[in-house]
Structure formats: structure tokens, C-alpha cells
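*Asks:* Sharing a structure, written as C-alpha cells. Questions coming.
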Amino acid sequence: MQATVLSLGLALVCCLQAYAEVPVQPEFQDDKLVGKWYSIGLASNSRWFLNKKDALTMCTSIITQTAEGALELTSTYPRADRCETRSMTFIKTEQPGRFRATSPRWGSEHDIRIVSTNYDEYALVYNRKAKGTDFFTMVTLYGRSKTLRPELLEKFERFALDQGLPQSSIITLPQTDRCMTDA
């Protein structure tokens, strides 16, 4: 019994250490992230995502800067018979490229990190969500266009795997023309 508890404790410490080491873009410049993005790839261990991933398609996200310096992410998703829009405000932390947010819909707390971006082509984003004692990880690959170079798709997949997400939870979203908003 003690060995089992010790093993679980060591596993938890390793997970927390890996989580603490998720990098952010060096010399991150939030104003360069502003504009229109397409969701290209998603990876997550959330139960909702795993149940819905086969029905998801590409969406658009518009990032704007608020007067207070936060980033506002407004995403428009195709649904069966309509377009659904949701917004979330990313509040800056003391670390450039790292934000916190609260989901207006679910009340969950998010630790969001811009892992890597060149601002004019792609952005790789890490999101750790907590609601009560439930946690999940989501990795998103955004592109300024609907298609990205294969090397960037590989980078996204490799990063998701490095976060402990299984291959079966990594998807490239099918392109669509539905609900594509303008910047």
C-alpha cells in the first residue's frame, strides 16, 4: 500500500514539474498577436473534446486588445444550423506570453501560454483548465491562413505528445467556409 501511495505521489510530482516547465514565446509581443486566426489543430484530454472531436471543424478567432491591455479572443464556430460566437478575456500575468482567464460560460479557470509564434503565420497555444478538482490540457495550433506548412503541423503534434496527450487526441481540423468571420 505504501509503495502504491509513493508511486502515485512521484507521478503527481512529475506531472506538476512538467506542467511548470511549459515554455512561453521568448520576448513575446502581445500587440503582434492581434488580428484574425484560424484554428488549425487541437489536442486535449478533456472528456468533452474526446467525445466531440470527430464533429469539430475549423473556426475563426479574432484577437483584439482591450483598453486595459488584456487580449480579447472571440471565436466563431460552425454548429449544425447556426454560427456560435464565444469570447474570453486573457488577462496578462507578470510573465509576457502567459495569461489567465475565466470562462464566462463554465466558470473554469485557465492558464494560457503562447508557446511559440512568428506572429504572421502561426501560434502554438497551451491551455490548462481547472474547475474544482478537474483539470485538463488543451493545445491549439492557430494559423493566419487555413493551411500551414507541414513542419508547423509536426511541431504542434510533437508539443502535444510532449504534454502527455495521446496520439488519438490530436486532430487537424477539417476546413470549412461556414461561419468564417472577417477581421
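Chain labels run A, B, ... following the order of the C-alpha cells; each chain numbers its residues from 1, and ligands are numbered from 1 in the order shown.
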Would you kindly return, as an NGL selection string, each protein, DNA or RNA residue with an atom no farther than 8 Å from any atom of region 128-132 of chain A, considering only C-alpha atoms and excluding same-chain residues fewer than 4 positions away?
*Replies:* :A and (107-112 or 136-138)
*Asks:* Write the residues of the selection above to a file with all heavy atoms, as a PDB file, in the first residue's frame.
*Replies:*
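This is the output file out14.pdb:
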ATOM      1  N   GLY A 107     -17.232  29.044 -15.928  1.00  0.00           N
ATOM      2  CA  GLY A 107     -16.616  29.454 -14.673  1.00  0.00           C
ATOM      3  C   GLY A 107     -15.266  28.805 -14.406  1.00  0.00           C
ATOM      4  O   GLY A 107     -14.704  28.972 -13.326  1.00  0.00           O
ATOM      5  N   SER A 108     -14.741  28.084 -15.357  1.00  0.00           N
ATOM      6  CA  SER A 108     -13.444  27.422 -15.188  1.00  0.00           C
ATOM      7  C   SER A 108     -12.308  28.434 -15.281  1.00  0.00           C
ATOM      8  O   SER A 108     -12.425  29.467 -15.930  1.00  0.00           O
ATOM      9  CB  SER A 108     -13.270  26.333 -16.245  1.00  0.00           C
ATOM     10  OG  SER A 108     -13.548  26.847 -17.534  1.00  0.00           O
ATOM     11  N   GLU A 109     -11.206  28.132 -14.603  1.00  0.00           N
ATOM     12  CA  GLU A 109     -10.013  28.973 -14.606  1.00  0.00           C
ATOM     13  C   GLU A 109      -9.013  28.412 -15.605  1.00  0.00           C
ATOM     14  O   GLU A 109      -8.803  27.201 -15.662  1.00  0.00           O
ATOM     15  CB  GLU A 109      -9.383  29.025 -13.210  1.00  0.00           C
ATOM     16  CG  GLU A 109     -10.285  29.641 -12.155  1.00  0.00           C
ATOM     17  CD  GLU A 109     -10.582  31.101 -12.423  1.00  0.00           C
ATOM     18  OE1 GLU A 109      -9.679  31.835 -12.869  1.00  0.00           O
ATOM     19  OE2 GLU A 109     -11.743  31.516 -12.191  1.00  0.00           O
ATOM     20  N   HIS A 110      -8.376  29.310 -16.375  1.00  0.00           N
ATOM     21  CA  HIS A 110      -7.452  28.896 -17.426  1.00  0.00           C
ATOM     22  C   HIS A 110      -6.090  29.542 -17.256  1.00  0.00           C
ATOM     23  O   HIS A 110      -5.995  30.743 -16.982  1.00  0.00           O
ATOM     24  CB  HIS A 110      -8.013  29.286 -18.803  1.00  0.00           C
ATOM     25  CG  HIS A 110      -9.287  28.603 -19.121  1.00  0.00           C
ATOM     26  ND1 HIS A 110      -9.377  27.539 -19.982  1.00  0.00           N
ATOM     27  CD2 HIS A 110     -10.556  28.810 -18.665  1.00  0.00           C
ATOM     28  CE1 HIS A 110     -10.625  27.133 -20.063  1.00  0.00           C
ATOM     29  NE2 HIS A 110     -11.368  27.890 -19.270  1.00  0.00           N
ATOM     30  N   ASP A 111      -5.050  28.746 -17.427  1.00  0.00           N
ATOM     31  CA  ASP A 111      -3.664  29.212 -17.508  1.00  0.00           C
ATOM     32  C   ASP A 111      -3.282  29.052 -18.975  1.00  0.00           C
ATOM     33  O   ASP A 111      -3.174  27.927 -19.472  1.00  0.00           O
ATOM     34  CB  ASP A 111      -2.768  28.359 -16.608  1.00  0.00           C
ATOM     35  CG  ASP A 111      -1.293  28.723 -16.712  1.00  0.00           C
ATOM     36  OD1 ASP A 111      -0.939  29.715 -17.394  1.00  0.00           O
ATOM     37  OD2 ASP A 111      -0.477  28.006 -16.108  1.00  0.00           O
ATOM     38  N   ILE A 112      -3.095  30.158 -19.684  1.00  0.00           N
ATOM     39  CA  ILE A 112      -2.875  30.133 -21.129  1.00  0.00           C
ATOM     40  C   ILE A 112      -1.465  30.627 -21.412  1.00  0.00           C
ATOM     41  O   ILE A 112      -1.055  31.679 -20.906  1.00  0.00           O
ATOM     42  CB  ILE A 112      -3.918  31.018 -21.841  1.00  0.00           C
ATOM     43  CG1 ILE A 112      -5.313  30.481 -21.530  1.00  0.00           C
ATOM     44  CG2 ILE A 112      -3.647  31.094 -23.336  1.00  0.00           C
ATOM     45  CD1 ILE A 112      -6.394  31.496 -21.591  1.00  0.00           C
ATOM     46  N   PHE A 136      -7.746  19.813 -17.159  1.00  0.00           N
ATOM     47  CA  PHE A 136      -7.464  19.259 -18.468  1.00  0.00           C
ATOM     48  C   PHE A 136      -6.499  20.166 -19.193  1.00  0.00           C
ATOM     49  O   PHE A 136      -6.320  21.332 -18.843  1.00  0.00           O
ATOM     50  CB  PHE A 136      -8.733  18.969 -19.286  1.00  0.00           C
ATOM     51  CG  PHE A 136      -9.319  20.158 -20.002  1.00  0.00           C
ATOM     52  CD1 PHE A 136      -8.731  20.672 -21.149  1.00  0.00           C
ATOM     53  CD2 PHE A 136     -10.493  20.746 -19.560  1.00  0.00           C
ATOM     54  CE1 PHE A 136      -9.272  21.746 -21.825  1.00  0.00           C
ATOM     55  CE2 PHE A 136     -11.046  21.821 -20.229  1.00  0.00           C
ATOM     56  CZ  PHE A 136     -10.435  22.324 -21.360  1.00  0.00           C
ATOM     57  N   THR A 137      -5.868  19.611 -20.202  1.00  0.00           N
ATOM     58  CA  THR A 137      -4.916  20.329 -21.026  1.00  0.00           C
ATOM     59  C   THR A 137      -5.457  20.403 -22.444  1.00  0.00           C
ATOM     60  O   THR A 137      -6.025  19.434 -22.937  1.00  0.00           O
ATOM     61  CB  THR A 137      -3.559  19.588 -21.035  1.00  0.00           C
ATOM     62  OG1 THR A 137      -3.058  19.549 -19.698  1.00  0.00           O
ATOM     63  CG2 THR A 137      -2.558  20.268 -21.943  1.00  0.00           C
ATOM     64  N   MET A 138      -5.279  21.564 -23.074  1.00  0.00           N
ATOM     65  CA  MET A 138      -5.607  21.696 -24.487  1.00  0.00           C
ATOM     66  C   MET A 138      -4.450  22.420 -25.170  1.00  0.00           C
ATOM     67  O   MET A 138      -3.936  23.401 -24.643  1.00  0.00           O
ATOM     68  CB  MET A 138      -6.895  22.466 -24.721  1.00  0.00           C
ATOM     69  CG  MET A 138      -7.222  22.624 -26.211  1.00  0.00           C
ATOM     70  SD  MET A 138      -8.868  23.285 -26.531  1.00  0.00           S
ATOM     71  CE  MET A 138      -9.822  21.779 -26.420  1.00  0.00           C
TER      72      MET A 138
END
*Asks:* Residues at most 9 Å from Pro23 (chain A), counting only C-alpha atoms, excluding those fewer than 3 positions away in the same chain, as number ranges by chain?
*Replies:* A: 20, 26, 113-116
*Asks:* I need the residue nearest Thr93 (chain A) from this list: A:Leu152, A:Val24, A:Leu124, A:Met58. Use only C-alpha atoms for the distance.
*Replies:*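 Counting only C-alpha atoms, the residue closest to Thr93 (chain A) is A:Val24.
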*Asks:* Using only C-alpha atoms, determine which residues lie at most 8 Å from Pro78 (chain A), disregarding the query and same-chain residues fewer than 5 positions distant; provide the list as a list in words.
*Replies:*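 Surrounding residues, per the criterion: Thr57, Cys59, Cys83, Glu84, Arg178 and Cys179 of chain A.
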*Asks:* Would you mind listing what lies within 12 Å of Thr76 (chain A) as a VMD selection string, with only C-alpha atoms counted and same-chain residues fewer than 5 positions away left out?
*Replies:* chain A and resid 36 to 39 57 to 63 82 to 88 177 to 183
*Asks:* Could you write out that same residue set with N, CA and C atoms as a PDB file, in the first residue's frame?
*Replies:*
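Generated file (out_34.pdb):
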ATOM      1  N   LYS A  36      -6.897  38.258 -37.057  1.00  0.00           N
ATOM      2  CA  LYS A  36      -7.672  37.051 -37.357  1.00  0.00           C
ATOM      3  C   LYS A  36      -6.775  35.811 -37.380  1.00  0.00           C
ATOM      4  N   TRP A  37      -7.273  34.745 -36.790  1.00  0.00           N
ATOM      5  CA  TRP A  37      -6.595  33.450 -36.758  1.00  0.00           C
ATOM      6  C   TRP A  37      -7.597  32.349 -37.090  1.00  0.00           C
ATOM      7  N   TYR A  38      -7.106  31.273 -37.670  1.00  0.00           N
ATOM      8  CA  TYR A  38      -7.903  30.066 -37.903  1.00  0.00           C
ATOM      9  C   TYR A  38      -7.402  28.980 -36.959  1.00  0.00           C
ATOM     10  N   SER A  39      -8.325  28.223 -36.388  1.00  0.00           N
ATOM     11  CA  SER A  39      -7.923  27.066 -35.581  1.00  0.00           C
ATOM     12  C   SER A  39      -7.578  25.934 -36.552  1.00  0.00           C
ATOM     13  N   THR A  57     -14.914  21.277 -36.612  1.00  0.00           N
ATOM     14  CA  THR A  57     -14.327  21.823 -37.841  1.00  0.00           C
ATOM     15  C   THR A  57     -13.583  23.106 -37.493  1.00  0.00           C
ATOM     16  N   MET A  58     -12.852  23.594 -38.446  1.00  0.00           N
ATOM     17  CA  MET A  58     -12.088  24.817 -38.287  1.00  0.00           C
ATOM     18  C   MET A  58     -13.025  25.963 -37.893  1.00  0.00           C
ATOM     19  N   CYS A  59     -12.512  26.887 -37.091  1.00  0.00           N
ATOM     20  CA  CYS A  59     -13.258  28.092 -36.762  1.00  0.00           C
ATOM     21  C   CYS A  59     -12.321  29.286 -36.888  1.00  0.00           C
ATOM     22  N   THR A  60     -12.892  30.467 -36.790  1.00  0.00           N
ATOM     23  CA  THR A  60     -12.071  31.673 -36.802  1.00  0.00           C
ATOM     24  C   THR A  60     -12.056  32.278 -35.408  1.00  0.00           C
ATOM     25  N   SER A  61     -10.954  32.923 -35.103  1.00  0.00           N
ATOM     26  CA  SER A  61     -10.814  33.660 -33.850  1.00  0.00           C
ATOM     27  C   SER A  61     -10.239  35.022 -34.171  1.00  0.00           C
ATOM     28  N   ILE A  62     -10.817  36.028 -33.552  1.00  0.00           N
ATOM     29  CA  ILE A  62     -10.335  37.392 -33.697  1.00  0.00           C
ATOM     30  C   ILE A  62      -9.778  37.809 -32.341  1.00  0.00           C
ATOM     31  N   ILE A  63      -8.521  38.266 -32.341  1.00  0.00           N
ATOM     32  CA  ILE A  63      -7.893  38.747 -31.112  1.00  0.00           C
ATOM     33  C   ILE A  63      -7.795  40.261 -31.196  1.00  0.00           C
ATOM     34  N   ARG A  82     -26.321  26.806 -37.255  1.00  0.00           N
ATOM     35  CA  ARG A  82     -26.027  28.213 -36.949  1.00  0.00           C
ATOM     36  C   ARG A  82     -24.532  28.415 -36.703  1.00  0.00           C
ATOM     37  N   CYS A  83     -24.165  29.676 -36.535  1.00  0.00           N
ATOM     38  CA  CYS A  83     -22.807  30.032 -36.141  1.00  0.00           C
ATOM     39  C   CYS A  83     -22.865  30.477 -34.680  1.00  0.00           C
ATOM     40  N   GLU A  84     -21.972  29.963 -33.862  1.00  0.00           N
ATOM     41  CA  GLU A  84     -21.955  30.298 -32.441  1.00  0.00           C
ATOM     42  C   GLU A  84     -20.686  31.091 -32.143  1.00  0.00           C
ATOM     43  N   THR A  85     -20.828  32.193 -31.425  1.00  0.00           N
ATOM     44  CA  THR A  85     -19.688  33.038 -31.077  1.00  0.00           C
ATOM     45  C   THR A  85     -19.499  33.048 -29.564  1.00  0.00           C
ATOM     46  N   ARG A  86     -18.239  32.887 -29.150  1.00  0.00           N
ATOM     47  CA  ARG A  86     -17.893  32.938 -27.730  1.00  0.00           C
ATOM     48  C   ARG A  86     -16.654  33.808 -27.567  1.00  0.00           C
ATOM     49  N   SER A  87     -16.606  34.506 -26.449  1.00  0.00           N
ATOM     50  CA  SER A  87     -15.458  35.373 -26.162  1.00  0.00           C
ATOM     51  C   SER A  87     -14.866  35.035 -24.806  1.00  0.00           C
ATOM     52  N   MET A  88     -13.571  35.287 -24.680  1.00  0.00           N
ATOM     53  CA  MET A  88     -12.868  35.112 -23.416  1.00  0.00           C
ATOM     54  C   MET A  88     -11.779  36.174 -23.347  1.00  0.00           C
ATOM     55  N   ASP A 177     -16.009  26.668 -45.003  1.00  0.00           N
ATOM     56  CA  ASP A 177     -16.260  28.058 -45.325  1.00  0.00           C
ATOM     57  C   ASP A 177     -17.393  28.618 -44.467  1.00  0.00           C
ATOM     58  N   ARG A 178     -18.023  27.758 -43.678  1.00  0.00           N
ATOM     59  CA  ARG A 178     -19.124  28.182 -42.828  1.00  0.00           C
ATOM     60  C   ARG A 178     -18.627  28.994 -41.643  1.00  0.00           C
ATOM     61  N   CYS A 179     -19.270  30.073 -41.362  1.00  0.00           N
ATOM     62  CA  CYS A 179     -19.039  30.891 -40.166  1.00  0.00           C
ATOM     63  C   CYS A 179     -17.655  31.522 -40.132  1.00  0.00           C
ATOM     64  N   MET A 180     -17.036  31.716 -41.265  1.00  0.00           N
ATOM     65  CA  MET A 180     -15.718  32.348 -41.307  1.00  0.00           C
ATOM     66  C   MET A 180     -15.914  33.863 -41.217  1.00  0.00           C
ATOM     67  N   THR A 181     -15.594  34.430 -40.057  1.00  0.00           N
ATOM     68  CA  THR A 181     -15.795  35.859 -39.827  1.00  0.00           C
ATOM     69  C   THR A 181     -14.656  36.681 -40.414  1.00  0.00           C
ATOM     70  N   ASP A 182     -14.916  37.941 -40.622  1.00  0.00           N
ATOM     71  CA  ASP A 182     -13.892  38.861 -41.126  1.00  0.00           C
ATOM     72  C   ASP A 182     -13.280  39.626 -39.962  1.00  0.00           C
ATOM     73  N   ALA A 183     -11.998  39.965 -40.136  1.00  0.00           N
ATOM     74  CA  ALA A 183     -11.303  40.755 -39.105  1.00  0.00           C
ATOM     75  C   ALA A 183     -11.693  42.218 -39.223  1.00  0.00           C
TER      76      ALA A 183
END
*Asks:* Mind listing the helix (DSSP H, G or I) residues of region 107-172 of chain A, per DSSP on the backbone, as a PyMOL selection string?
*Replies:* chain A and resi 150-162+167-169
*Asks:* Could those selected residues go to a file with C-alpha atoms, as an mmCIF file, in the first residue's frame?
*Replies:*
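Output file result.cif follows:
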data_model
loop_
_atom_site.group_PDB
_atom_site.id
_atom_site.type_symbol
_atom_site.label_atom_id
_atom_site.label_comp_id
_atom_site.auth_asym_id
_atom_site.auth_seq_id
_atom_site.Cartn_x
_atom_site.Cartn_y
_atom_site.Cartn_z
ATOM 1 C CA PRO A 150 3.865 20.534 -42.643
ATOM 2 C CA GLU A 151 6.737 21.416 -40.281
ATOM 3 C CA LEU A 152 4.359 23.510 -38.175
ATOM 4 C CA LEU A 153 1.808 20.700 -38.015
ATOM 5 C CA GLU A 154 4.613 18.376 -36.891
ATOM 6 C CA LYS A 155 5.742 20.907 -34.266
ATOM 7 C CA PHE A 156 2.173 21.066 -32.916
ATOM 8 C CA GLU A 157 1.879 17.271 -32.776
ATOM 9 C CA ARG A 158 5.279 16.857 -31.113
ATOM 10 C CA PHE A 159 4.442 19.502 -28.482
ATOM 11 C CA ALA A 160 1.057 17.890 -27.733
ATOM 12 C CA LEU A 161 2.718 14.496 -27.291
ATOM 13 C CA ASP A 162 5.356 16.092 -25.031
ATOM 14 C CA GLN A 167 -1.873 10.494 -30.359
ATOM 15 C CA SER A 168 -5.600 9.709 -30.553
ATOM 16 C CA SER A 169 -6.402 13.104 -29.019
#
*Asks:* Find, counting only C-alpha atoms, the residue in A:Gln29, A:Thr74, A:Asn118, A:Thr172 that gets nearest to Leu141 (chain A).
*Replies:*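 Nearest candidate to Leu141 (chain A) out of A:Gln29, A:Thr74, A:Asn118, A:Thr172: A:Thr172.
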*Asks:* Using only C-alpha atoms, which of A:Ala80, A:Leu73, A:Val22, A:Ile40 sits nearest Gly143 (chain A)?
*Replies:*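 So, comparing all the options, the nearest one is A:Ile40.
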*Asks:* Between CA of Tyr142 (chain A) and CA of Tyr77 (chain A), what is the distance, to one decimal in Å?
*Replies:* 14.2 Å
*Asks:* Quick one: pull the distance between CA of Ser44 (chain A) and CA of Ala123 (chain A), Å, one decimal.
*Replies:* 16.6 Å
*Asks:* As a ChimeraX atom specification, please: every residue in region 14-55 of chain A that a backbone DSSP assignment puts in strand (DSSP E or B).
*Replies:* /A:35-44
